[in-house]
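Visitor: Below is a structure I'd like to ask you about.
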Amino acid sequence: MPVFWSLSFSLVFVFIEESSMKKKKIFLASSAELKADREQFEIFINRKNKELVDKEQFLDLIIWENFLDTISQTRLQDEYNKAIKGCDIFVMLFSDKVGQYTAEEFETAFGQLKKINKPRIFTYFKNDSIKIGDISLDNLKSLKDFQKKLKSLGHFQTEYRNIEGLREHFANQLEKLAGEERSNNESENRNDRVIADERPIPHHLPPPTKDENYPQNFLNLVIQEKTMPIPFHTVLGNQNHRGFLPQVERLETIQPGENPYVTGQALPGNSPVFFGREQILHEIASSLRRSQPACISLVGERRIGKSSLLNQLRETLSREERIITIYSNAQAWGPVTTEQFFHDLHQVISAVLPKSTDDEIWDYPTFRHFIEATAAGNYRFVFMVDEFEEMADNPEFDHFFFSNLRELGYDPVFAFGFLLFSRIPLQVLCRQCHKIKSSSFWNIFGFPHVLGLLQINEAEALVQTPCRRSLPIHPPVDSVEVFRGAGLHPAFIQLVMSDFWYAKEGNYTPDKDRIMAGLTAYFRDLWIYRTREEWQVLIRIASGDSVMDAPALLDLRQRGLITSDGNLFSPLFGKVIKELLPGKDLKKALKKIANGVEKSTDFFDQVVTIAEKFGRVRSAFLGTDAANHSENEES
């Protein structure tokens, strides 16, 4: 090898070593029943990485769902154990049992800890309404044996009741570990570091030019080290998957004595408390099953159930032969370049194909060729993105990036469809985001589906059926009382019913003041994230005025803030509106709106000021006049 190339290779390796992020590998172990907690933990780690990226640090989370189901010379569990030995931190979640493989993973981690003093081990026991009578003897024995083993090792579990408690405790532990590392680093002798050149090594790699002499594979290594993996989840559909089960079968999973209602997170696939949405679920699934999957956008308010619906759609498509479904929540992404996007997307698709490829793809033309060749083998693709606003806001994704996505969804040769979930319609995003508008990406989508309230029979079933199945000896809940606070809103019904369920199980009266206070906090959020036109319509309805011709009326009705007969979805929402108005007088507010542009503008200026006291107002949700008041706020 010539001396020049030898020196170049050495410099490149030194550069990678100096400029790469400091990684900590975390292995997360748990059994299947804690899948929801694992997913929430993964989102937490990805959000934590957003904070760490400026510090050149990265938490590399390893979970067993992300392992390829490839044939191992021994068994796949051995691959998990090998990964554990290379980790810095081992986190174990357990609840009503400790499975054979989870126990084996702990043994592997503890054995490695004794040998080389790592990984650090954290064991978390979810002590959330677990009833001994509902646990099988085998499960109970495995749990007690493991807890006894921990005690004998001098290692004690940390209890948590919900994902918030888990996140808070583990975040504190990360801070402590970071503090220990800082102390250790300060005591190290930095003069021992070997530097290949007297000149300072650049912190960032300059953009490659036509005259760049570094080999492309080394540049790719640098890019790989400097970016965080995108949390894509991919499934290749086939008839062996269970798919989306009928309501009767989903209800059979409700256990007596266990609270079935879900709060604070999306409903998992095949949730027994997923009610309604049959029409929209059928329409979207039918459009995505086609030989050329459709491009669909779904719009809805926060907590209206977009992510819950998406999880049921993922289950539905899992039985569709040769459909490759790729899902990701853009809110969990870190800084992402277009090169990394196509690289990671290629990797997760290739991983589920019978004959995966080891090719490295870092650009759209190569990715397009890969998709076209794969589609020619009669595969179809559905790319689902939750929180699409976050993806649209990425400064790295320019006009050309969205033009490329448009080509994928437009040309039938690629058999590639999109399902985008957002709070803002694509047309509105286009007005705010010129790169999407100029790329015509939104033109490949049909009319948006808007997720609103449940039908009365669906809401009634959500209140009564899960409660009756889990607490069969108690009388039915008064649905009217539930709807008075929650309306026909699925997430708010779940919140109220969760409290009602515990009260009925414990044979005490629900704390209605606490429930109303909790709902009020959510309703303030609904009020804050509105346009000026929407504020005007909601004030008129809350004051008893008939609204028939307002442009915003249809959108508010579709979004579930107004019922089909023109009332607010919840009487409590009207009280919140009054509370957040200047002077707290609906009649005077209505009069000011009717008295002309100047007075109404001044009035809405005051509305914005009050709203800002309860939460930051995002310009994306405000009209032009109101947006000026928040231009200095973070969006």
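Each chain in the structure tokens gets a letter, A, B and so on, in the order shown; residues start at 1 in every chain, and ligands are counted from 1 in the order they appear.
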From a DSSP calculation on the backbone, collect every residue of region 225-259 of chain A in alpha helix (DSSP H) and output the set as a ChimeraX atom specification.
Guide: /A:225-226,247-251
Visitor: Give me, as a PDB file with N, CA and C atoms, in the first residue's frame, all polymer residues having an atom no more than 8 Å from Val463 (chain A), counting only C-alpha atoms and skipping those fewer than 2 positions away in the same chain.
Guide:
ATOM      1  N   ALA A 459     -69.655   4.853  22.253  1.00  0.00           N
ATOM      2  CA  ALA A 459     -69.229   5.394  23.547  1.00  0.00           C
ATOM      3  C   ALA A 459     -69.902   4.640  24.698  1.00  0.00           C
ATOM      4  N   GLU A 460     -71.169   4.310  24.527  1.00  0.00           N
ATOM      5  CA  GLU A 460     -71.899   3.552  25.551  1.00  0.00           C
ATOM      6  C   GLU A 460     -71.253   2.179  25.762  1.00  0.00           C
ATOM      7  N   ALA A 461     -70.857   1.538  24.663  1.00  0.00           N
ATOM      8  CA  ALA A 461     -70.206   0.228  24.768  1.00  0.00           C
ATOM      9  C   ALA A 461     -68.851   0.339  25.461  1.00  0.00           C
ATOM     10  N   THR A 465     -69.163  -2.165  28.570  1.00  0.00           N
ATOM     11  CA  THR A 465     -68.716  -3.539  28.312  1.00  0.00           C
ATOM     12  C   THR A 465     -67.432  -3.907  29.055  1.00  0.00           C
ATOM     13  N   PRO A 466     -66.336  -3.138  28.942  1.00  0.00           N
ATOM     14  CA  PRO A 466     -65.119  -3.525  29.680  1.00  0.00           C
ATOM     15  C   PRO A 466     -65.335  -3.559  31.187  1.00  0.00           C
ATOM     16  N   CYS A 467     -66.142  -2.606  31.690  1.00  0.00           N
ATOM     17  CA  CYS A 467     -66.402  -2.554  33.127  1.00  0.00           C
ATOM     18  C   CYS A 467     -67.180  -3.801  33.574  1.00  0.00           C
ATOM     19  N   VAL A 477     -72.285   1.450  35.121  1.00  0.00           N
ATOM     20  CA  VAL A 477     -71.953   2.859  35.377  1.00  0.00           C
ATOM     21  C   VAL A 477     -73.015   3.742  34.727  1.00  0.00           C
ATOM     22  N   SER A 479     -73.789   6.177  32.366  1.00  0.00           N
ATOM     23  CA  SER A 479     -73.109   6.728  31.193  1.00  0.00           C
ATOM     24  C   SER A 479     -73.328   8.221  31.060  1.00  0.00           C
ATOM     25  N   ILE A 493     -63.123   9.500  27.911  1.00  0.00           N
ATOM     26  CA  ILE A 493     -63.945   8.436  28.507  1.00  0.00           C
ATOM     27  C   ILE A 493     -63.042   7.447  29.249  1.00  0.00           C
ATOM     28  N   MET A 497     -63.387   6.665  33.143  1.00  0.00           N
ATOM     29  CA  MET A 497     -63.749   5.301  33.502  1.00  0.00           C
ATOM     30  C   MET A 497     -62.664   4.603  34.319  1.00  0.00           C
TER      31      MET A 497
END
Visitor: With DSSP run on the backbone, what are the strand (DSSP E) residues within region 357-591 of chain A? I'd like them as a list in words.
Guide: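 Strand (DSSP E) assignments inside region 357-591 of chain A correspond to Arg380, Phe381, Val382, Phe383, Met384, Val385, Asp386, Phe416, Gly417, Phe418, Leu419, Leu420, Phe421, Ser422, His449, Val450 and Leu451 of chain A.
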Visitor: Compile the contact shell of region 291-296 of chain A as a VMD selection string: residues with an atom at most 8 Å away, counting only C-alpha atoms, same-chain residues fewer than 3 positions apart removed.
Guide: chain A and resid 284 287 to 288 380 to 382 409 412 415 to 420 444 to 449
Visitor: Okay, now the selection with all heavy atoms, as a compact mmCIF listing (two decimals), in the first residue's frame?
Guide:
# COMPACT_ATOMS: atom_id res chain seq x y z
N ILE A 284 -59.48 2.82 5.23
CA ILE A 284 -58.02 2.98 5.13
C ILE A 284 -57.36 1.65 4.80
O ILE A 284 -56.49 1.57 3.92
CB ILE A 284 -57.45 3.58 6.42
CG1 ILE A 284 -57.94 5.02 6.61
CG2 ILE A 284 -55.93 3.55 6.40
CD1 ILE A 284 -57.48 5.67 7.90
N SER A 287 -57.82 0.66 1.22
CA SER A 287 -57.00 1.46 0.31
C SER A 287 -55.53 1.04 0.34
O SER A 287 -54.84 1.11 -0.67
CB SER A 287 -57.11 2.94 0.67
OG SER A 287 -58.45 3.40 0.54
N LEU A 288 -55.07 0.61 1.49
CA LEU A 288 -53.66 0.21 1.61
C LEU A 288 -53.40 -1.20 1.12
O LEU A 288 -52.25 -1.56 0.85
CB LEU A 288 -53.21 0.34 3.06
CG LEU A 288 -53.22 1.76 3.64
CD1 LEU A 288 -52.86 1.73 5.12
CD2 LEU A 288 -52.27 2.67 2.88
N ARG A 380 -45.25 -5.06 -1.72
CA ARG A 380 -45.82 -3.71 -1.64
C ARG A 380 -45.36 -3.08 -0.33
O ARG A 380 -45.02 -3.78 0.63
CB ARG A 380 -47.35 -3.79 -1.67
CG ARG A 380 -47.92 -4.29 -2.99
CD ARG A 380 -49.37 -4.71 -2.84
NE ARG A 380 -49.49 -5.99 -2.14
CZ ARG A 380 -50.60 -6.44 -1.57
NH1 ARG A 380 -51.70 -5.69 -1.58
NH2 ARG A 380 -50.63 -7.60 -0.97
N PHE A 381 -45.38 -1.75 -0.31
CA PHE A 381 -44.85 -1.02 0.83
C PHE A 381 -45.87 -0.02 1.36
O PHE A 381 -46.50 0.70 0.57
CB PHE A 381 -43.57 -0.26 0.44
CG PHE A 381 -42.52 -1.12 -0.20
CD1 PHE A 381 -42.51 -1.29 -1.58
CD2 PHE A 381 -41.57 -1.78 0.56
CE1 PHE A 381 -41.55 -2.09 -2.18
CE2 PHE A 381 -40.62 -2.59 -0.03
CZ PHE A 381 -40.61 -2.74 -1.41
N VAL A 382 -46.01 0.03 2.68
CA VAL A 382 -46.83 1.05 3.33
C VAL A 382 -45.97 1.72 4.39
O VAL A 382 -45.52 1.06 5.35
CB VAL A 382 -48.09 0.45 3.98
CG1 VAL A 382 -48.84 1.52 4.77
CG2 VAL A 382 -49.00 -0.16 2.92
N GLY A 409 -44.56 7.57 -4.07
CA GLY A 409 -45.99 7.36 -3.89
C GLY A 409 -46.80 7.51 -5.15
O GLY A 409 -47.93 7.03 -5.23
N PRO A 412 -46.65 3.88 -9.98
CA PRO A 412 -47.07 2.52 -9.58
C PRO A 412 -45.95 1.49 -9.59
O PRO A 412 -46.07 0.45 -8.93
CB PRO A 412 -48.14 2.16 -10.62
CG PRO A 412 -48.60 3.47 -11.17
CD PRO A 412 -47.42 4.37 -11.13
N ALA A 415 -44.95 0.55 -6.08
CA ALA A 415 -45.95 -0.06 -5.16
C ALA A 415 -45.77 0.45 -3.74
O ALA A 415 -45.73 -0.31 -2.78
CB ALA A 415 -45.86 -1.58 -5.20
N PHE A 416 -45.66 1.77 -3.60
CA PHE A 416 -45.29 2.41 -2.34
C PHE A 416 -46.39 3.39 -1.93
O PHE A 416 -46.74 4.30 -2.69
CB PHE A 416 -43.97 3.16 -2.51
CG PHE A 416 -43.20 3.40 -1.25
CD1 PHE A 416 -42.10 2.63 -0.93
CD2 PHE A 416 -43.57 4.40 -0.36
CE1 PHE A 416 -41.37 2.84 0.23
CE2 PHE A 416 -42.86 4.62 0.80
CZ PHE A 416 -41.75 3.83 1.10
N GLY A 417 -46.97 3.19 -0.75
CA GLY A 417 -48.01 4.09 -0.24
C GLY A 417 -47.60 4.72 1.07
O GLY A 417 -46.72 4.23 1.78
N PHE A 418 -48.25 5.84 1.39
CA PHE A 418 -47.98 6.56 2.63
C PHE A 418 -49.25 6.63 3.48
O PHE A 418 -50.36 6.75 2.95
CB PHE A 418 -47.52 8.00 2.35
CG PHE A 418 -46.17 8.10 1.70
CD1 PHE A 418 -46.06 8.20 0.31
CD2 PHE A 418 -45.02 8.10 2.45
CE1 PHE A 418 -44.83 8.29 -0.30
CE2 PHE A 418 -43.77 8.19 1.85
CZ PHE A 418 -43.68 8.29 0.47
N LEU A 419 -49.06 6.57 4.78
CA LEU A 419 -50.13 6.85 5.73
C LEU A 419 -49.56 7.82 6.75
O LEU A 419 -48.73 7.45 7.59
CB LEU A 419 -50.62 5.57 6.41
CG LEU A 419 -51.73 5.73 7.46
CD1 LEU A 419 -52.96 6.40 6.86
CD2 LEU A 419 -52.10 4.38 8.07
N LEU A 420 -49.97 9.07 6.68
CA LEU A 420 -49.42 10.14 7.51
C LEU A 420 -50.44 10.58 8.54
O LEU A 420 -51.59 10.86 8.20
CB LEU A 420 -49.00 11.34 6.64
CG LEU A 420 -48.06 11.04 5.47
CD1 LEU A 420 -47.71 12.33 4.73
CD2 LEU A 420 -46.81 10.32 5.94
N ILE A 444 -50.44 14.03 -4.05
CA ILE A 444 -50.68 12.60 -4.29
C ILE A 444 -51.65 12.02 -3.26
O ILE A 444 -51.98 10.83 -3.31
CB ILE A 444 -49.36 11.80 -4.30
CG1 ILE A 444 -48.66 11.88 -2.94
CG2 ILE A 444 -48.44 12.29 -5.41
CD1 ILE A 444 -47.39 11.04 -2.86
N PHE A 445 -52.11 12.86 -2.33
CA PHE A 445 -53.05 12.42 -1.29
C PHE A 445 -54.47 12.84 -1.66
O PHE A 445 -54.69 13.91 -2.24
CB PHE A 445 -52.67 13.01 0.06
CG PHE A 445 -51.38 12.49 0.62
CD1 PHE A 445 -50.17 13.02 0.21
CD2 PHE A 445 -51.37 11.45 1.54
CE1 PHE A 445 -48.96 12.53 0.70
CE2 PHE A 445 -50.18 10.96 2.04
CZ PHE A 445 -48.98 11.49 1.62
N GLY A 446 -55.42 11.99 -1.33
CA GLY A 446 -56.82 12.33 -1.54
C GLY A 446 -57.36 13.18 -0.40
O GLY A 446 -56.61 13.83 0.33
N PHE A 447 -58.68 13.17 -0.23
CA PHE A 447 -59.28 13.89 0.89
C PHE A 447 -58.77 13.32 2.21
O PHE A 447 -58.66 12.10 2.36
CB PHE A 447 -60.80 13.78 0.86
CG PHE A 447 -61.43 14.43 -0.33
CD1 PHE A 447 -62.42 13.79 -1.06
CD2 PHE A 447 -61.04 15.69 -0.74
CE1 PHE A 447 -63.01 14.39 -2.15
CE2 PHE A 447 -61.61 16.30 -1.84
CZ PHE A 447 -62.60 15.64 -2.55
N PRO A 448 -58.45 14.17 3.17
CA PRO A 448 -57.97 13.65 4.46
C PRO A 448 -59.09 12.99 5.25
O PRO A 448 -60.25 13.40 5.16
CB PRO A 448 -57.45 14.90 5.18
CG PRO A 448 -58.24 16.02 4.59
CD PRO A 448 -58.48 15.65 3.16
N HIS A 449 -58.75 11.97 6.00
CA HIS A 449 -59.66 11.40 6.98
C HIS A 449 -59.49 12.19 8.27
O HIS A 449 -58.37 12.42 8.72
CB HIS A 449 -59.35 9.93 7.23
CG HIS A 449 -59.61 9.03 6.06
ND1 HIS A 449 -60.83 8.43 5.85
CD2 HIS A 449 -58.81 8.65 5.04
CE1 HIS A 449 -60.77 7.70 4.76
NE2 HIS A 449 -59.56 7.81 4.23
